[in-house]
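A.B. asks: work.csv is the file, holding CSV, C-alpha atoms:
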chain,number,residue,atom,x,y,z
A,199,MET,CA,-11.8,15.8,-103.5
A,200,LEU,CA,-11.2,13.3,-100.7
A,201,LEU,CA,-14.4,13.4,-98.7
A,202,GLU,CA,-16.6,13.5,-101.8
A,203,ALA,CA,-14.8,10.5,-103.4
A,204,ARG,CA,-15.1,8.6,-100.2
A,205,LEU,CA,-18.8,9.4,-99.9
A,206,LEU,CA,-19.5,8.3,-103.5
A,207,ALA,CA,-17.5,5.1,-103.0
A,208,THR,CA,-19.3,4.2,-99.8
A,209,VAL,CA,-22.8,5.0,-101.1
A,210,SER,CA,-22.1,3.0,-104.2
A,211,ARG,CA,-20.8,0.0,-102.2
A,212,LEU,CA,-23.8,0.0,-99.8
A,213,ALA,CA,-26.5,0.6,-102.4
A,214,GLY,CA,-26.8,-3.1,-103.4
A,215,PRO,CA,-27.0,-4.5,-99.8
A,216,VAL,CA,-29.4,-1.8,-98.8
A,217,ARG,CA,-31.7,-2.6,-101.8
A,218,GLY,CA,-31.4,-6.4,-101.1
A,219,ALA,CA,-32.2,-6.1,-97.4
A,220,GLY,CA,-35.0,-3.7,-98.1
A,221,VAL,CA,-36.8,-5.7,-100.7
A,222,VAL,CA,-36.5,-8.9,-98.6
A,223,LEU,CA,-37.9,-7.2,-95.6
A,224,ILE,CA,-40.7,-5.6,-97.6
A,225,SER,CA,-41.5,-9.0,-99.2
A,226,LEU,CA,-41.6,-10.7,-95.8
A,227,PHE,CA,-44.3,-8.2,-94.6
A,228,GLY,CA,-46.1,-8.7,-98.0
A,229,ALA,CA,-46.1,-12.4,-97.7
A,230,PHE,CA,-47.6,-12.1,-94.2
A,231,SER,CA,-50.2,-9.7,-95.4
A,232,THR,CA,-51.3,-12.0,-98.3
A,233,ALA,CA,-51.2,-15.2,-96.1
A,234,SER,CA,-51.1,-17.4,-99.2
A,235,ALA,CA,-48.8,-19.9,-100.9
A,236,LEU,CA,-48.3,-17.5,-103.8
A,237,GLY,CA,-47.2,-14.8,-101.4
A,238,TRP,CA,-44.6,-17.0,-99.8
A,239,ALA,CA,-43.4,-18.2,-103.2
A,240,LEU,CA,-42.9,-14.6,-104.2
A,241,PHE,CA,-41.0,-14.0,-101.0
A,242,ALA,CA,-38.7,-17.0,-101.7
A,243,PHE,CA,-38.2,-15.6,-105.2
A,244,VAL,CA,-37.2,-12.2,-103.9
A,245,ALA,CA,-34.9,-13.7,-101.3
A,246,VAL,CA,-33.1,-15.7,-103.9
A,247,THR,CA,-32.7,-12.7,-106.3
A,248,ALA,CA,-31.4,-10.5,-103.4
A,249,VAL,CA,-28.2,-12.6,-103.5
A,250,ALA,CA,-27.2,-10.5,-106.6
A,251,ASP,CA,-27.7,-7.3,-104.6
A,252,PHE,CA,-25.2,-8.5,-102.0
A,253,TRP,CA,-22.6,-10.4,-103.9
A,254,LEU,CA,-23.1,-10.0,-107.6
A,255,PRO,CA,-23.1,-6.3,-108.4
A,256,ARG,CA,-22.4,-6.8,-112.1
A,257,VAL,CA,-25.8,-8.5,-112.6
A,258,ALA,CA,-27.7,-6.7,-109.8
A,259,LEU,CA,-29.4,-4.2,-112.1
A,260,PRO,CA,-31.0,-6.6,-114.6
A,261,VAL,CA,-31.9,-9.0,-111.7
A,262,ALA,CA,-33.6,-6.1,-109.8
A,263,PHE,CA,-35.4,-5.1,-113.0
A,264,VAL,CA,-36.8,-8.7,-113.5
A,265,ARG,CA,-37.7,-8.9,-109.9
A,266,VAL,CA,-40.0,-5.8,-110.0
A,267,VAL,CA,-41.5,-6.9,-113.4
A,268,VAL,CA,-42.4,-10.4,-111.9
A,269,LEU,CA,-43.9,-8.9,-108.8
A,270,SER,CA,-45.9,-6.4,-110.9
A,271,VAL,CA,-47.2,-9.0,-113.3
A,272,VAL,CA,-48.0,-11.7,-110.7
A,273,LEU,CA,-49.6,-9.3,-108.2
A,274,GLY,CA,-51.1,-7.0,-110.8
A,275,GLY,CA,-49.5,-3.9,-109.4
A,276,GLU,CA,-52.0,-3.8,-106.5
A,277,GLY,CA,-51.1,-3.1,-102.9
A,278,GLN,CA,-48.1,-1.5,-101.2
A,279,TRP,CA,-45.8,-4.5,-101.7
A,280,VAL,CA,-45.1,-3.9,-105.4
A,281,LEU,CA,-45.0,-0.1,-105.1
A,282,THR,CA,-42.6,-0.1,-102.2
A,283,VAL,CA,-40.3,-2.6,-103.9
A,284,LEU,CA,-40.5,-0.4,-107.0
A,285,THR,CA,-39.5,2.8,-105.3
A,286,THR,CA,-36.8,1.1,-103.2
A,287,THR,CA,-35.3,-0.2,-106.4
A,288,LEU,CA,-35.5,3.2,-108.3
A,289,ILE,CA,-33.9,5.1,-105.4
A,290,THR,CA,-31.0,2.7,-104.8
A,291,TRP,CA,-30.2,2.5,-108.5
A,292,GLN,CA,-29.3,6.1,-108.5
A,293,TRP,CA,-26.7,5.5,-105.8
A,294,GLN,CA,-25.0,2.6,-107.6
A,295,TRP,CA,-25.0,3.4,-111.3
A,296,PRO,CA,-24.7,6.6,-113.5
A,297,LEU,CA,-27.8,8.4,-114.8
A,298,ARG,CA,-27.1,7.2,-118.4
A,299,VAL,CA,-27.8,3.7,-117.1
A,300,THR,CA,-30.5,4.3,-114.5
A,301,VAL,CA,-32.7,6.7,-116.5
A,302,PRO,CA,-33.5,4.2,-119.4
A,303,ALA,CA,-34.0,1.4,-116.9
A,304,THR,CA,-36.3,3.5,-114.7
A,305,ALA,CA,-38.4,4.6,-117.8
A,306,ALA,CA,-38.8,1.0,-118.9
A,307,LEU,CA,-39.7,-0.2,-115.4
A,308,LEU,CA,-42.3,2.6,-115.0
A,309,ALA,CA,-43.7,1.8,-118.4
A,310,VAL,CA,-44.3,-1.8,-117.3
A,311,GLN,CA,-45.8,-0.7,-114.1
A,312,VAL,CA,-48.2,1.7,-115.9
A,313,ALA,CA,-49.2,-1.1,-118.3
A,314,VAL,CA,-50.0,-3.4,-115.4
A,315,ALA,CA,-51.5,-1.1,-112.8
A,316,GLY,CA,-52.3,2.2,-114.6
A,317,PRO,CA,-50.8,5.7,-114.4
A,318,GLY,CA,-51.6,6.2,-110.7
A,319,VAL,CA,-48.3,4.7,-109.6
A,320,LEU,CA,-46.3,7.4,-111.4
A,321,VAL,CA,-46.9,10.1,-108.9
A,322,ARG,CA,-45.4,8.4,-105.9
A,323,ALA,CA,-42.7,6.5,-107.8
A,324,VAL,CA,-41.4,9.6,-109.7
A,325,LEU,CA,-41.7,11.9,-106.7
A,326,GLU,CA,-39.8,9.7,-104.3
A,327,SER,CA,-37.1,9.0,-106.9
A,328,VAL,CA,-36.6,12.7,-107.7
A,329,LEU,CA,-36.6,13.7,-104.0
A,330,ALA,CA,-34.0,11.0,-103.3
A,331,GLN,CA,-31.8,12.2,-106.2
A,332,VAL,CA,-32.1,15.8,-105.0
A,333,ALA,CA,-31.1,14.7,-101.4
A,334,TYR,CA,-28.2,12.7,-102.9
A,335,GLU,CA,-26.9,15.7,-104.9
A,336,LEU,CA,-27.2,18.0,-101.9
A,337,LEU,CA,-25.1,15.6,-99.9
A,338,ARG,CA,-22.5,15.5,-102.6
A,339,ARG,CA,-22.3,19.3,-102.8
A,340,SER,CA,-22.0,19.5,-99.1
A,341,SER,CA,-19.1,17.0,-99.0
A,342,ARG,CA,-17.5,18.9,-101.9
A,343,ARG,CA,-17.6,22.2,-99.9
A,344,VAL,CA,-16.1,20.4,-96.9
A,345,ASP,CA,-13.3,19.2,-99.2
A,346,VAL,CA,-12.7,22.8,-100.4
A,347,VAL,CA,-12.6,24.2,-96.9
A,348,ARG,CA,-10.2,21.5,-95.8
A,349,GLU,CA,-7.9,22.0,-98.7
A,350,ARG,CA,-7.8,25.8,-98.1
A,351,ALA,CA,-7.1,25.2,-94.4
A,352,ALA,CA,-4.3,22.8,-95.4
A,353,GLU,CA,-2.8,25.3,-97.8
A,354,GLN,CA,-2.9,28.0,-95.2
A,355,SER,CA,-1.2,25.6,-92.7
A,356,ARG,CA,1.5,24.8,-95.3
A,357,ALA,CA,2.1,28.4,-96.1
A,358,ALA,CA,2.4,29.2,-92.4
A,359,ALA,CA,4.8,26.4,-91.9
A,360,VAL,CA,6.9,27.5,-94.9
A,361,ALA,CA,6.9,31.1,-93.6
A,362,LEU,CA,7.9,29.9,-90.1
A,363,ASP,CA,10.7,27.7,-91.5
A,364,ARG,CA,11.9,30.6,-93.8
A,365,GLY,CA,12.1,32.9,-90.8
A,366,ARG,CA,14.0,30.4,-88.8
A,367,ARG,CA,16.5,29.8,-91.7
A,368,GLU,CA,16.9,33.6,-92.1
A,369,ARG,CA,17.7,34.0,-88.4
A,370,GLU,CA,20.1,31.1,-88.5
A,371,TYR,CA,21.8,32.6,-91.6
A,372,LEU,CA,22.1,36.1,-90.0
A,373,ALA,CA,23.7,34.4,-87.0
A,374,LEU,CA,26.1,32.6,-89.3
A,375,LEU,CA,26.9,35.8,-91.1
A,376,HIS,CA,27.7,37.4,-87.8
A,377,ASP,CA,30.0,34.5,-86.9
A,378,THR,CA,31.8,34.5,-90.2
A,379,ALA,CA,31.7,37.4,-92.7
A,380,ALA,CA,31.0,40.1,-90.1
A,381,ALA,CA,34.1,39.0,-88.1
A,382,THR,CA,36.2,39.0,-91.3
A,383,PHE,CA,35.1,42.5,-92.2
A,384,LEU,CA,35.9,43.7,-88.7
A,385,MET,CA,39.4,42.1,-89.1
A,386,ALA,CA,39.9,43.9,-92.4
A,387,ALA,CA,38.6,47.2,-91.0
A,388,HIS,CA,41.1,47.1,-88.2
A,389,GLY,CA,44.1,46.6,-90.5
A,390,GLY,CA,44.4,42.9,-90.3
A,391,ASP,CA,47.1,41.0,-92.2
A,392,PRO,CA,45.9,40.7,-95.9
A,393,VAL,CA,47.0,37.1,-96.1
A,394,GLU,CA,45.1,36.2,-93.0
A,395,VAL,CA,42.0,38.1,-94.1
A,396,ALA,CA,42.0,36.4,-97.5
A,397,ALA,CA,42.3,33.0,-95.9
A,398,GLN,CA,39.6,33.8,-93.4
A,399,ALA,CA,37.3,35.1,-96.3
A,400,ARG,CA,37.8,31.8,-98.2
A,401,ARG,CA,36.9,29.8,-95.1
A,402,ASP,CA,33.8,31.9,-94.6
A,403,LEU,CA,32.8,31.4,-98.2
A,404,VAL,CA,33.0,27.7,-97.9
A,405,VAL,CA,30.9,27.7,-94.7
A,406,LEU,CA,28.3,29.9,-96.3
A,407,ALA,CA,28.2,27.8,-99.4
A,408,GLU,CA,27.5,24.7,-97.4
A,409,ARG,CA,24.2,26.3,-96.3
A,410,GLY,CA,22.9,26.1,-99.8
A,411,GLU,CA,22.4,28.5,-102.7
A,412,ALA,CA,19.0,29.7,-101.5
A,413,GLU,CA,20.2,30.9,-98.1
A,414,GLY,CA,21.9,34.2,-98.5
A,415,THR,CA,24.2,35.9,-101.1
A,416,VAL,CA,27.8,36.8,-101.4
A,417,ASP,CA,29.5,39.7,-103.2
A,418,LEU,CA,31.3,37.9,-106.1
A,419,GLY,CA,33.6,40.9,-106.6
A,420,ALA,CA,34.9,40.8,-103.0
A,421,ALA,CA,35.3,37.0,-103.0
A,422,LEU,CA,37.3,37.0,-106.2
A,423,ALA,CA,39.4,40.0,-105.0
A,424,ALA,CA,40.6,37.8,-102.1
A,425,VAL,CA,41.5,35.1,-104.6
A,426,ALA,CA,43.4,37.6,-106.8
A,427,ARG,CA,45.4,39.0,-103.8
A,428,ASP,CA,46.4,35.4,-102.9
A,429,SER,CA,47.5,34.5,-106.4
A,430,GLY,CA,51.1,34.0,-107.5
A,431,VAL,CA,50.7,36.4,-110.4
A,432,ALA,CA,50.0,40.2,-110.4
A,433,VAL,CA,46.3,40.6,-111.1
A,434,ARG,CA,45.0,43.9,-112.3
A,435,MET,CA,41.4,43.9,-111.1
A,436,SER,CA,38.2,45.7,-111.9
A,437,ALA,CA,35.1,44.6,-109.9
A,438,GLU,CA,31.6,45.6,-109.4
A,439,VAL,CA,29.4,44.6,-106.5
A,440,VAL,CA,27.8,41.5,-107.9
A,441,PRO,CA,25.6,39.6,-105.3
A,442,VAL,CA,25.3,35.9,-106.1
A,443,PRO,CA,24.3,32.8,-104.1
A,444,ALA,CA,27.1,31.5,-101.9
A,445,GLY,CA,27.3,28.2,-103.8
A,446,VAL,CA,27.7,30.1,-107.1
A,447,ALA,CA,30.4,32.3,-105.6
A,448,LEU,CA,32.3,29.2,-104.4
A,449,ALA,CA,32.3,27.7,-107.9
A,450,PHE,CA,33.7,31.0,-109.3
A,451,VAL,CA,36.3,31.2,-106.6
A,452,ARG,CA,37.6,27.7,-107.3
A,453,ALA,CA,37.4,28.2,-111.1
A,454,VAL,CA,39.3,31.5,-111.0
A,455,ARG,CA,41.9,30.1,-108.6
A,456,GLU,CA,42.5,27.3,-111.1
A,457,LEU,CA,42.8,29.7,-114.0
A,458,LEU,CA,45.3,31.9,-112.2
A,459,VAL,CA,47.4,28.9,-111.3
A,460,ASN,CA,47.4,28.0,-115.0
A,461,VAL,CA,48.6,31.5,-115.9
A,462,GLU,CA,51.4,31.2,-113.4
A,463,ARG,CA,52.5,27.7,-114.6
A,464,HIS,CA,51.9,27.8,-118.3
A,465,ALA,CA,51.3,31.3,-119.7
A,466,GLY,CA,54.9,32.5,-119.6
A,467,THR,CA,53.7,35.8,-118.0
A,468,ARG,CA,53.4,37.0,-114.4
A,469,GLU,CA,50.5,39.4,-115.1
A,470,ALA,CA,46.7,38.9,-115.6
A,471,GLU,CA,43.6,41.0,-115.7
A,472,LEU,CA,40.4,40.1,-113.8
A,473,THR,CA,37.1,41.8,-114.5
A,474,VAL,CA,34.0,41.1,-112.4
A,475,SER,CA,30.7,42.6,-113.6
A,476,ARG,CA,27.0,42.1,-113.9
A,477,GLY,CA,25.3,41.4,-117.2
A,478,ALA,CA,26.7,39.9,-120.4
A,479,ALA,CA,30.2,39.3,-121.7
A,480,VAL,CA,31.6,39.1,-125.3
A,481,VAL,CA,34.4,36.6,-125.4
A,482,GLY,CA,36.9,35.8,-128.2
A,483,ALA,CA,37.3,37.5,-131.5
A,484,GLY,CA,38.2,34.9,-134.0
A,485,GLY,CA,36.3,31.9,-133.0
A,486,ARG,CA,39.4,29.7,-133.0
A,487,GLY,CA,40.5,27.5,-130.1
A,488,VAL,CA,37.6,27.4,-127.7
A,489,ILE,CA,36.8,25.2,-124.7
A,490,ARG,CA,33.4,25.9,-123.5
A,491,GLY,CA,30.5,24.3,-121.6
A,492,GLY,CA,27.1,25.0,-119.9
A,493,ALA,CA,24.7,27.4,-121.7
A,494,ALA,CA,24.9,28.0,-125.4
A,495,VAL,CA,27.4,30.5,-126.7
A,496,VAL,CA,26.3,32.4,-129.8
A,497,ASP,CA,28.1,34.6,-132.4
A,498,ALA,CA,27.9,38.3,-131.7
A,499,GLU,CA,28.2,41.0,-134.4
A,500,GLY,CA,31.7,42.0,-135.1
A,501,GLY,CA,33.2,38.7,-134.0
A,502,GLY,CA,33.4,36.9,-130.7
A,503,ARG,CA,30.6,35.2,-128.8
A,504,LEU,CA,27.9,36.9,-126.7
A,505,VAL,CA,27.3,35.2,-123.4
A,506,PRO,CA,24.3,36.5,-121.5
A,507,GLY,CA,24.5,36.4,-117.8
A,508,GLY,CA,23.7,37.8,-114.4
A,509,ALA,CA,27.4,37.6,-113.2
A,510,THR,CA,30.5,37.6,-115.3
A,511,ALA,CA,34.2,37.1,-114.5
A,512,VAL,CA,36.7,37.5,-117.3
A,513,ILE,CA,40.4,36.6,-116.9
A,514,ARG,CA,42.9,37.7,-119.6
A,515,ASP,CA,46.6,37.2,-120.0
A,516,ARG,CA,48.9,38.2,-122.8
A,517,GLY,CA,51.0,35.1,-122.5
A,518,GLN,CA,52.0,32.6,-125.0
A,519,GLY,CA,48.6,31.0,-125.4
A,520,PHE,CA,47.9,27.4,-126.5
A,521,VAL,CA,45.7,25.3,-128.8
A,522,PRO,CA,42.7,24.1,-126.7
A,523,ASP,CA,42.1,21.2,-129.1
A,524,ASP,CA,45.6,19.9,-128.3
A,525,VAL,CA,44.9,19.6,-124.6
A,526,PRO,CA,44.8,15.8,-123.8
A,527,GLU,CA,41.6,14.4,-122.4
A,528,HIS,CA,43.3,13.2,-119.3
A,529,ARG,CA,44.2,16.8,-118.4
A,530,ARG,CA,41.2,17.7,-116.4
A,531,GLY,CA,42.3,21.1,-115.1
A,532,LEU,CA,40.3,23.3,-117.5
A,533,ARG,CA,37.4,20.9,-118.1
A,534,GLY,CA,37.0,19.6,-114.6
A,535,SER,CA,38.0,22.5,-112.4
A,536,VAL,CA,36.5,25.3,-114.6
A,537,VAL,CA,34.0,24.2,-117.3
A,538,ASP,CA,32.3,21.4,-115.3
A,539,ARG,CA,32.4,23.4,-112.1
A,540,LEU,CA,30.5,26.3,-113.7
A,541,ARG,CA,28.1,24.0,-115.4
A,542,ALA,CA,27.3,22.4,-112.0
A,543,VAL,CA,25.8,25.7,-110.8
A,544,GLY,CA,24.0,26.4,-114.0
A,545,GLY,CA,26.7,28.7,-115.5
A,546,THR,CA,28.9,28.8,-118.5
A,547,ALA,CA,32.7,28.7,-118.9
A,548,SER,CA,34.4,29.7,-122.2
A,549,ILE,CA,38.1,29.7,-122.7
A,550,ASP,CA,39.6,31.2,-125.9
A,551,SER,CA,43.2,30.9,-126.6
A,552,GLU,CA,45.6,31.0,-129.6
A,553,PRO,CA,49.4,30.7,-129.6
A,554,GLY,CA,51.0,34.1,-129.4
A,555,ARG,CA,47.7,35.8,-128.7
A,556,GLY,CA,47.2,35.0,-125.0
A,557,THR,CA,44.2,33.5,-123.3
A,558,THR,CA,40.8,34.8,-122.3
A,559,ALA,CA,38.5,32.9,-119.9
A,560,SER,CA,34.9,34.0,-119.4
A,561,LEU,CA,32.9,32.6,-116.5
A,562,VAL,CA,29.1,33.5,-116.6
A,563,TRP,CA,26.3,32.7,-114.3
A,564,PRO,CA,22.9,33.5,-115.9
A,565,HIS,CA,20.2,34.8,-113.6
A,566,ASP,CA,16.5,35.2,-114.5
Is it possible to give me this structure as structure tokens?

C.D. replies:
Amino acid sequence: MLLEARLLATVSRLAGPVRGAGVVLISLFGAFSTASALGWALFAFVAVTAVADFWLPRVALPVAFVRVVVLSVVLGGEGQWVLTVLTTTLITWQWQWPLRVTVPATAALLAVQVAVAGPGVLVRAVLESVLAQVAYELLRRSSRRVDVVRERAAEQSRAAAVALDRGRREREYLALLHDTAAATFLMAAHGGDPVEVAAQARRDLVVLAERGEAEGTVDLGAALAAVARDSGVAVRMSAEVVPVPAGVALAFVRAVRELLVNVERHAGTREAELTVSRGAAVVGAGGRGVIRGGAAVVDAEGGGRLVPGGATAVIRDRGQGFVPDDVPEHRRGLRGSVVDRLRAVGGTASIDSEPGRGTTASLVWPHD
């Protein structure tokens, strides 16, 4: 609570000087009223001890205690001088130190005063101290309420700013969709050249991804269909409508393109299967020859590994296969372009292969 903390710090810092200036001024009038050498000597004593109130806060409490005791004993507790210094001391103590310190000190000081001047002093001293403490607590509560009101107002202002910014971003993104994806869809609807449509769709995806994952979604199935059509192998495809953030879709597009290039160059086959779906995927059946990364992959009943996810793309080929453990470290195609790329967006890439059994690559992006 900012205002309350500042109030407490200010009051605590000013309590000592207020007490010092108050007792000096009170003692000056007291010395004038007594018109004696003793009175002026006591004034000089008070003025010297007031130095602690201004510049020595660590010893200000015991010095103030001794000061009141000396005045009470020497003057016998009579007159307004001692009583006013006493109440000033008790009130300002409450501003500077916690109650666990001031309550015992106050009780001891009142005991001395009663012993010297009788119980008559208790009414005024206690009443003024209690009233001062009540006023102090009311001021603290008032400042606390002001802090709460200010914090709520700040939260509402932040919420309004966030909502305004979100609306602006949504409008910008809708305009971007109009300038990119909508134009591409219109091209496709009017019988545009498939190669040009696919190229335009890839450019659109890159532009949309640059706007950040939180700003709009892309149909992963449609994006990967464009990659499959542009591939050098014949891809038999099955795709659901799977909306994902644009940045995630871009990672899938690049990873799938790399995998299809690998099929074309190394698999010894010109055919592949691509399945795009929501939910989980079971990959592999023997647990041999696996490159994987990202989230944990666990054994599923009946063999293979169950990979939970919100979007899954599985590429299979019936080519010659390979031994993943034999892939040299400097060959970064699978690890860099596939595994690491999916991991960067919080996904999982798992590649199972065995000589003579073909290769299955599963790309999964989990979604809460």

A.B. asks: Can you tell me how far atom CA of A:Ala245 sits from atom CA of A:Trp279, in Å to one decimal?

C.D. replies: 14.3 Å

A.B. asks: Which distance in Å separates atom CA of A:Val344 and atom CA of A:Arg298, to one decimal?

C.D. replies: 27.5 Å

A.B. asks: If we count only C-alpha atoms, what is near A:Ala511 at a cut-off of 7 Å, once residues fewer than 6 positions away on the same chain are taken out, given as a PyMOL selection string?

C.D. replies: chain A and resi 472-475+560-562

A.B. asks: Any idea what the distance is between atom CA of A:Val433 and atom CA of A:Thr467?

C.D. replies: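 One can read the atom CA of A:Val433 to atom CA of A:Thr467 distance as 11.2 Å.
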
A.B. asks: Anything within 12 Å of (-40.9, -1.4, -116.7): list those residues as JSON, numbers by chain, counting all atoms listed in the file and sticking to the file's coordinates.

C.D. replies: {"A": [260, 262, 263, 264, 265, 266, 267, 268, 269, 270, 271, 275, 284, 287, 288, 301, 302, 303, 304, 305, 306, 307, 308, 309, 310, 311, 312, 313, 314, 315, 319, 320]}

A.B. asks: Given the point (-41.7, 0.5, -103.5) in the coordinates of this file, which residues lie within 10 Å, counting only C-alpha atoms, and how would they look as a ChimeraX atom specification?

C.D. replies: /A:220-221,224,266,278-289,319,322-323,326

A.B. asks: Of the residues A:Phe227, A:Asp251, A:Arg539, A:Gly237, which is the one nearest to A:Gly214, using only C-alpha atoms?

C.D. replies: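 Of all the options, A:Asp251 lies closest to A:Gly214.
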
A.B. asks: Using all atoms listed in the file, which protein or nucleic acid residues come within 6 Å of A:Ile513? Drop anything in the same chain fewer than 4 positions from it, and give the result as a VMD selection string.

C.D. replies: chain A and resid 471 to 472 558 to 559

A.B. asks: So, with all atoms listed in the file as the atoms that count, which of A:Ala219, A:Ala357, A:Ala453, A:Val459 lies closest to A:Gly545?

C.D. replies: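 Among the listed residues, the smallest separation from A:Gly545 belongs to A:Ala453.
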
A.B. asks: Ranking A:Phe450, A:Arg204, A:Gly316, A:Asp417 by minimum distance to A:Gly274 and counting only C-alpha atoms, which one comes first?

C.D. replies: A:Gly316

A.B. asks: Point out the residue among A:Ala359, A:Ala235, A:Gln292, A:Arg364 with the least atom-to-atom distance to A:Leu329, counting only C-alpha atoms.

C.D. replies: A:Gln292

A.B. asks: From the set A:Phe241, A:Trp253, A:Ala233, A:Ala330, which residue has the shortest atom-to-atom contact distance to A:Leu212, counting only C-alpha atoms?

C.D. replies: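 Checking each candidate against A:Leu212, we get A:Trp253 as the closest.
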
A.B. asks: With distances taken over all atoms listed in the file, which of A:Ala213, A:Val347, A:Ala437, A:Leu201 is nearest to A:Pro255?

C.D. replies: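 Of all the options, A:Ala213 lies closest to A:Pro255.
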
A.B. asks: How about completing stretch 236-250 of chain A with N, CA and C atoms and giving it to me as a compact mmCIF listing (two decimals), in the coordinates of the input?

C.D. replies:
# COMPACT_ATOMS: atom_id res chain seq x y z
N LEU A 236 -48.92 -18.31 -102.74
CA LEU A 236 -48.30 -17.50 -103.80
C LEU A 236 -47.44 -16.38 -103.14
N GLY A 237 -47.94 -15.81 -102.03
CA GLY A 237 -47.20 -14.80 -101.40
C GLY A 237 -45.83 -15.27 -100.86
N TRP A 238 -45.85 -16.49 -100.27
CA TRP A 238 -44.60 -17.00 -99.80
C TRP A 238 -43.67 -17.46 -100.91
N ALA A 239 -44.26 -17.90 -101.99
CA ALA A 239 -43.40 -18.20 -103.20
C ALA A 239 -42.75 -17.00 -103.71
N LEU A 240 -43.48 -15.88 -103.77
CA LEU A 240 -42.90 -14.60 -104.20
C LEU A 240 -41.80 -14.15 -103.26
N PHE A 241 -42.04 -14.37 -101.95
CA PHE A 241 -41.00 -14.00 -101.00
C PHE A 241 -39.74 -14.80 -101.19
N ALA A 242 -39.90 -16.11 -101.44
CA ALA A 242 -38.70 -17.00 -101.70
C ALA A 242 -38.00 -16.49 -102.96
N PHE A 243 -38.77 -16.10 -103.99
CA PHE A 243 -38.20 -15.60 -105.20
C PHE A 243 -37.36 -14.31 -104.96
N VAL A 244 -37.93 -13.41 -104.18
CA VAL A 244 -37.20 -12.20 -103.90
C VAL A 244 -35.97 -12.42 -103.06
N ALA A 245 -36.07 -13.35 -102.09
CA ALA A 245 -34.90 -13.70 -101.30
C ALA A 245 -33.76 -14.24 -102.10
N VAL A 246 -34.10 -15.08 -103.07
CA VAL A 246 -33.10 -15.70 -103.90
C VAL A 246 -32.42 -14.60 -104.81
N THR A 247 -33.26 -13.74 -105.40
CA THR A 247 -32.70 -12.70 -106.30
C THR A 247 -31.90 -11.65 -105.52
N ALA A 248 -32.17 -11.51 -104.22
CA ALA A 248 -31.40 -10.50 -103.40
C ALA A 248 -29.96 -10.91 -103.27
N VAL A 249 -29.62 -12.17 -103.56
CA VAL A 249 -28.20 -12.60 -103.50
C VAL A 249 -27.37 -11.71 -104.46
N ALA A 250 -27.93 -11.38 -105.61
CA ALA A 250 -27.20 -10.50 -106.60
C ALA A 250 -26.94 -9.14 -106.00
